[in-house]
Structure formats: C-alpha cells, structure tokens
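Colleague: Provided herewith is a single structure, encoded as structure tokens, for subsequent inquiry.
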Amino acid sequence: MTLALDAGMQAGVRTPRGGTTALADRLPQLIFAAYMILFFAYLFLPLLVMTAATFNTSKFPTVTPWLGTTLGWFNALWADQAMWQALRLSVFIGFCVIAISLPVGTAAALFLMSLQGKARTFLYAVMVSPLLTPGVAIGISTLILWRQAGIGGGSFLIILAQSSFISAYVMLMVAARLQRFDRTLEEAAVGLGASRFMMFRRILLPYLRPSLLAAMLIAFLQSFENYNTTLFVRGTETPLTVYIATKVRTGLTPAVNALGLILIALTIVAAVAMELAKRRSGQAR
C-alpha cells in the first residue's frame, strides 16, 4: 500500500511538470505567432484603411465617420491633371535613375570585388557613404555644385541627386551576388579564347541577371518615393511626392487614396505575374 501511495504521489508530481514543459515548448511558437500577427497588422492595416477611405464620401481621407459609399474619387483622380503630370514626371525620373545607377552600381561592384585587403574595405566604406548621408545634405550639395554651372534645379538635378545614392543600392546587391560567383568560369572562358567582353556577356551577365532585375526595381522604388533630396533640387518641377506633400498643406482629398489603391493593385498584379513567369520557367527547365 505504501508503494502504491508513493507511485500515486510521483504520478501527481509528474503531471504538472509535464504540462509546464509542454507550455514552455509552445511558448516560443506563441510569441512568434503573436509577433507575425502584429507585424502584418502594422504593414497592412494602413493600406486597408486607405482603401476604405477611397470609397467614403467624406471630402477628407478618413473612414470615420462613414458618410456613404462612392466611386466619385476615381473620377476626381481622373480629372486631376496636375497629379497625373506629377506621376508621369516621377515615372520618367525613375527610369532615368535606373539608366544611370544600374551601370554605375554594377561597375562599382565589379571593381570592388576585384580588390583585396584594406583597399576593398576602404573603397567599400566610400561607396556606401552616400546611403549614410542625409538626403537633405545630398540635395543641398547637388544644388550648390550645379548652380555654378548655371543649373538651378529641375529634372536633370533630380536624376543626378537621386542616382548619387541609389547607385550604392545597386552596388550592394550586385556585390552580394558576385561573392558567390565561381571565378574559375572566367578563367576557363578566357583560356578557351573568349574575349573579356564575350566572357562578360555570355557568363557573368546571365549570372548577374536576377540581382540586376532586383536592383532595377529597388532603384525605381527608391526614386519614386524619394522626397527629402528631391525637394531641394526640383526647381519648378513637381514630382508626385512633392505634389502630395503640397496637397497635405493645401487640402488633401481621397483622390490621392484612389491613386494609391491603383498603384497597389498594379504592384500586386506585377508581383503575381512575375511569380507565375518564374514558376513556368522553372517547369520548362
């Protein structure tokens, strides 16, 4: 009987410990799940609020109070020619920034990865420094420099000022890809009689294509949403970010929300199309 009581006491002690152990094992998963919920809520709740405000009849972009459902703000967006002009200018500047920053950043990454030791460390710090410089300082310094040549602002300075730090993003992405590149492929191509240009076009460029495409996207987005640098070098030009900031002071309407909803929809469609194309190419192989 004593043995039975001891066994019962031991079983009673083990059960709580087992429950505590199971809870301790699940605690990291619960914390991670709560973090992910908060993370996605932080990302997408503002977008959901903005989407809902697009269909509210209120003249101010808000969801409370809800005054009624309307599609009229899309008509207001269509009639806002100044906003469309600002959008076209931002898109044009974005593509011009890609045309400059992509070759400059790629060349910088190739040159950086060809160095060794302290020279690479020093040059890396120099190339990354534009990312650490405030956009206000880049804009003012660009304006002061080019004003000596008689250029007081405009699209030309916007493109140059943005390219000066966006090229660093391209350099980082291409350099990260080059770190995994097998240099023996270059040596084998040259040994078989290929020129440096042919080796670059047939071997290195296809290998860098994923990072170049990603760098193009990052460069365009960084240019499209830039405000601090653009504000000081824009002159009389008005890109979209400056136009929206001006509307915030003079009277913002949900037409801006309608434009944001359209841009989000286009981004989602483009992302889905790229993913489908990627899967099809993978299946074809």
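Ligands are numbered from 1 in the order shown, residues from 1 within each chain, and chains are lettered A, B, ... in the order they appear in the structure tokens.
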Determine, counting only C-alpha atoms, which protein, DNA and RNA residues have an atom within 8 Å of an atom of stretch 216-219 of chain A; residues of the same chain fewer than 4 positions away are not included. Present the result as a list of chain:residue names.
Modeller: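 After dropping sequence-adjacent residues, the list is A:Gly94, A:Val97, A:Ile98, A:Ser101, A:Leu102, A:Ile166, A:Ser167, A:Tyr169, A:Val170, A:Leu212, A:Ser223.
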Colleague: Hey, could you make a per-residue contact list for stretch 109-175 of chain A against stretch 228-235 of chain A with 8 Å as the cut-off, showing the nearest pair of atoms and its distance in Å to one decimal, counting only C-alpha atoms, sorted by chain and number, as JSON lines?
Modeller:
```
{"residue": "A:Gly135", "atom": "CA", "partner": "A:Thr229", "partner_atom": "CA", "distance": 4.7}
{"residue": "A:Val136", "atom": "CA", "partner": "A:Thr229", "partner_atom": "CA", "distance": 5.3}
{"residue": "A:Ala137", "atom": "CA", "partner": "A:Thr229", "partner_atom": "CA", "distance": 7.7}
{"residue": "A:Ile138", "atom": "CA", "partner": "A:Thr229", "partner_atom": "CA", "distance": 6.3}
{"residue": "A:Gly139", "atom": "CA", "partner": "A:Thr229", "partner_atom": "CA", "distance": 4.4}
{"residue": "A:Ile140", "atom": "CA", "partner": "A:Phe232", "partner_atom": "CA", "distance": 6.1}
{"residue": "A:Thr142", "atom": "CA", "partner": "A:Val233", "partner_atom": "CA", "distance": 7.4}
{"residue": "A:Leu143", "atom": "CA", "partner": "A:Val233", "partner_atom": "CA", "distance": 5.8}
{"residue": "A:Gly152", "atom": "CA", "partner": "A:Gly235", "partner_atom": "CA", "distance": 6.5}
{"residue": "A:Gly153", "atom": "CA", "partner": "A:Gly235", "partner_atom": "CA", "distance": 4.1}
{"residue": "A:Gly154", "atom": "CA", "partner": "A:Arg234", "partner_atom": "CA", "distance": 4.6}
{"residue": "A:Ser155", "atom": "CA", "partner": "A:Arg234", "partner_atom": "CA", "distance": 6.4}
{"residue": "A:Leu157", "atom": "CA", "partner": "A:Val233", "partner_atom": "CA", "distance": 5.8}
{"residue": "A:Ile158", "atom": "CA", "partner": "A:Val233", "partner_atom": "CA", "distance": 5.7}
{"residue": "A:Ala161", "atom": "CA", "partner": "A:Thr229", "partner_atom": "CA", "distance": 6.9}
{"residue": "A:Gln162", "atom": "CA", "partner": "A:Thr229", "partner_atom": "CA", "distance": 7.1}
```
Colleague: Closest to A:Ala53 among A:Val104, A:Ala255, A:Leu263, A:Ala24, using only C-alpha atoms?
Modeller: A:Ala255
Colleague: Please provide as a PyMOL selection string all residues within 12 Å of A:Leu185, with the sequence filter that same-chain residues fewer than 3 positions apart are discarded (counting only C-alpha atoms).
Modeller: chain A and resi 181-182+188-192+194+199-200+202-204+207
Colleague: So that I have them on file, write out the residues from the current selection with N, CA and C atoms, as a PDB file, in the first residue's frame.
Modeller:
```pdb
ATOM      1  N   PHE A 181      30.045  33.997 -56.958  1.00  0.00           N
ATOM      2  CA  PHE A 181      30.408  33.661 -58.333  1.00  0.00           C
ATOM      3  C   PHE A 181      31.713  32.875 -58.362  1.00  0.00           C
ATOM      4  N   ASP A 182      31.742  31.825 -59.168  1.00  0.00           N
ATOM      5  CA  ASP A 182      32.929  30.987 -59.306  1.00  0.00           C
ATOM      6  C   ASP A 182      33.865  31.617 -60.340  1.00  0.00           C
ATOM      7  N   ALA A 188      38.343  29.873 -67.296  1.00  0.00           N
ATOM      8  CA  ALA A 188      38.149  28.855 -68.319  1.00  0.00           C
ATOM      9  C   ALA A 188      37.714  29.483 -69.645  1.00  0.00           C
ATOM     10  N   ALA A 189      36.841  30.492 -69.572  1.00  0.00           N
ATOM     11  CA  ALA A 189      36.387  31.159 -70.800  1.00  0.00           C
ATOM     12  C   ALA A 189      37.535  31.871 -71.490  1.00  0.00           C
ATOM     13  N   VAL A 190      38.351  32.582 -70.709  1.00  0.00           N
ATOM     14  CA  VAL A 190      39.493  33.284 -71.294  1.00  0.00           C
ATOM     15  C   VAL A 190      40.501  32.283 -71.852  1.00  0.00           C
ATOM     16  N   GLY A 191      40.691  31.175 -71.136  1.00  0.00           N
ATOM     17  CA  GLY A 191      41.615  30.158 -71.614  1.00  0.00           C
ATOM     18  C   GLY A 191      41.174  29.511 -72.906  1.00  0.00           C
ATOM     19  N   LEU A 192      39.860  29.486 -73.161  1.00  0.00           N
ATOM     20  CA  LEU A 192      39.334  28.912 -74.399  1.00  0.00           C
ATOM     21  C   LEU A 192      39.284  29.917 -75.535  1.00  0.00           C
ATOM     22  N   ALA A 194      37.969  33.200 -75.374  1.00  0.00           N
ATOM     23  CA  ALA A 194      36.926  34.222 -75.332  1.00  0.00           C
ATOM     24  C   ALA A 194      37.517  35.555 -74.896  1.00  0.00           C
ATOM     25  N   MET A 199      33.153  37.093 -72.449  1.00  0.00           N
ATOM     26  CA  MET A 199      33.025  36.421 -71.167  1.00  0.00           C
ATOM     27  C   MET A 199      31.995  37.128 -70.287  1.00  0.00           C
ATOM     28  N   PHE A 200      32.025  38.469 -70.306  1.00  0.00           N
ATOM     29  CA  PHE A 200      31.058  39.227 -69.518  1.00  0.00           C
ATOM     30  C   PHE A 200      29.641  39.001 -70.032  1.00  0.00           C
ATOM     31  N   ARG A 202      28.415  36.459 -71.969  1.00  0.00           N
ATOM     32  CA  ARG A 202      27.928  35.085 -72.006  1.00  0.00           C
ATOM     33  C   ARG A 202      27.913  34.401 -70.638  1.00  0.00           C
ATOM     34  N   ILE A 203      28.750  34.833 -69.714  1.00  0.00           N
ATOM     35  CA  ILE A 203      28.869  34.131 -68.429  1.00  0.00           C
ATOM     36  C   ILE A 203      28.447  35.019 -67.265  1.00  0.00           C
ATOM     37  N   LEU A 204      29.095  36.158 -67.134  1.00  0.00           N
ATOM     38  CA  LEU A 204      28.860  36.984 -65.951  1.00  0.00           C
ATOM     39  C   LEU A 204      27.495  37.665 -65.978  1.00  0.00           C
ATOM     40  N   TYR A 207      24.610  35.413 -65.105  1.00  0.00           N
ATOM     41  CA  TYR A 207      24.654  35.089 -63.678  1.00  0.00           C
ATOM     42  C   TYR A 207      24.147  36.256 -62.830  1.00  0.00           C
TER      43      TYR A 207
END
```
Colleague: What are the DSSP helix (DSSP H, G or I) residues of stretch 8-220 of chain A, as a ChimeraX atom specification?
Modeller: /A:8-54,72-79,81-113,118-132,135-147,155-178,184-191,196-220
Colleague: Could you pull the residues within 12 Å of A:Arg177, counting only C-alpha atoms, minus those fewer than 5 positions along the same chain, as a PDB file with N, CA and C atoms, in the first residue's frame?
Modeller:
```
ATOM      1  N   THR A 106      26.795  48.642 -61.002  1.00  0.00           N
ATOM      2  CA  THR A 106      27.370  47.367 -61.432  1.00  0.00           C
ATOM      3  C   THR A 106      28.876  47.483 -61.631  1.00  0.00           C
ATOM      4  N   ALA A 109      30.548  47.590 -58.282  1.00  0.00           N
ATOM      5  CA  ALA A 109      30.610  46.277 -57.636  1.00  0.00           C
ATOM      6  C   ALA A 109      31.693  45.407 -58.264  1.00  0.00           C
ATOM      7  N   LEU A 110      31.809  45.434 -59.592  1.00  0.00           N
ATOM      8  CA  LEU A 110      32.843  44.647 -60.260  1.00  0.00           C
ATOM      9  C   LEU A 110      34.239  45.106 -59.855  1.00  0.00           C
ATOM     10  N   MET A 113      34.912  44.085 -56.109  1.00  0.00           N
ATOM     11  CA  MET A 113      35.198  42.671 -55.885  1.00  0.00           C
ATOM     12  C   MET A 113      36.525  42.245 -56.505  1.00  0.00           C
ATOM     13  N   VAL A 170      22.411  49.561 -55.808  1.00  0.00           N
ATOM     14  CA  VAL A 170      22.732  48.637 -56.899  1.00  0.00           C
ATOM     15  C   VAL A 170      24.070  47.954 -56.634  1.00  0.00           C
ATOM     16  N   MET A 171      25.048  48.731 -56.196  1.00  0.00           N
ATOM     17  CA  MET A 171      26.368  48.175 -55.914  1.00  0.00           C
ATOM     18  C   MET A 171      26.280  47.079 -54.853  1.00  0.00           C
ATOM     19  N   LEU A 172      25.530  47.302 -53.797  1.00  0.00           N
ATOM     20  CA  LEU A 172      25.423  46.310 -52.732  1.00  0.00           C
ATOM     21  C   LEU A 172      24.767  45.025 -53.222  1.00  0.00           C
ATOM     22  N   ASP A 182      31.742  31.825 -59.168  1.00  0.00           N
ATOM     23  CA  ASP A 182      32.929  30.987 -59.306  1.00  0.00           C
ATOM     24  C   ASP A 182      33.865  31.617 -60.340  1.00  0.00           C
ATOM     25  N   LEU A 204      29.095  36.158 -67.134  1.00  0.00           N
ATOM     26  CA  LEU A 204      28.860  36.984 -65.951  1.00  0.00           C
ATOM     27  C   LEU A 204      27.495  37.665 -65.978  1.00  0.00           C
ATOM     28  N   LEU A 205      27.110  38.203 -67.113  1.00  0.00           N
ATOM     29  CA  LEU A 205      25.844  38.926 -67.193  1.00  0.00           C
ATOM     30  C   LEU A 205      24.638  38.011 -66.938  1.00  0.00           C
ATOM     31  N   PRO A 206      24.572  36.813 -67.532  1.00  0.00           N
ATOM     32  CA  PRO A 206      23.448  35.922 -67.174  1.00  0.00           C
ATOM     33  C   PRO A 206      23.433  35.551 -65.696  1.00  0.00           C
ATOM     34  N   TYR A 207      24.610  35.413 -65.105  1.00  0.00           N
ATOM     35  CA  TYR A 207      24.654  35.089 -63.678  1.00  0.00           C
ATOM     36  C   TYR A 207      24.147  36.256 -62.830  1.00  0.00           C
ATOM     37  N   LEU A 208      24.416  37.474 -63.257  1.00  0.00           N
ATOM     38  CA  LEU A 208      24.000  38.647 -62.501  1.00  0.00           C
ATOM     39  C   LEU A 208      22.573  39.088 -62.797  1.00  0.00           C
ATOM     40  N   ARG A 209      21.911  38.455 -63.777  1.00  0.00           N
ATOM     41  CA  ARG A 209      20.598  38.931 -64.203  1.00  0.00           C
ATOM     42  C   ARG A 209      19.586  39.018 -63.051  1.00  0.00           C
ATOM     43  N   PRO A 210      19.461  38.023 -62.151  1.00  0.00           N
ATOM     44  CA  PRO A 210      18.483  38.175 -61.056  1.00  0.00           C
ATOM     45  C   PRO A 210      18.757  39.378 -60.166  1.00  0.00           C
ATOM     46  N   SER A 211      20.020  39.597 -59.818  1.00  0.00           N
ATOM     47  CA  SER A 211      20.333  40.738 -58.956  1.00  0.00           C
ATOM     48  C   SER A 211      20.162  42.053 -59.702  1.00  0.00           C
ATOM     49  N   LEU A 212      20.414  42.069 -61.006  1.00  0.00           N
ATOM     50  CA  LEU A 212      20.222  43.293 -61.781  1.00  0.00           C
ATOM     51  C   LEU A 212      18.737  43.655 -61.872  1.00  0.00           C
ATOM     52  N   ALA A 214      16.423  42.801 -59.699  1.00  0.00           N
ATOM     53  CA  ALA A 214      16.026  43.271 -58.372  1.00  0.00           C
ATOM     54  C   ALA A 214      16.556  44.673 -58.102  1.00  0.00           C
ATOM     55  N   ALA A 215      17.775  44.951 -58.540  1.00  0.00           N
ATOM     56  CA  ALA A 215      18.351  46.287 -58.357  1.00  0.00           C
ATOM     57  C   ALA A 215      17.578  47.337 -59.147  1.00  0.00           C
TER      58      ALA A 215
END
```
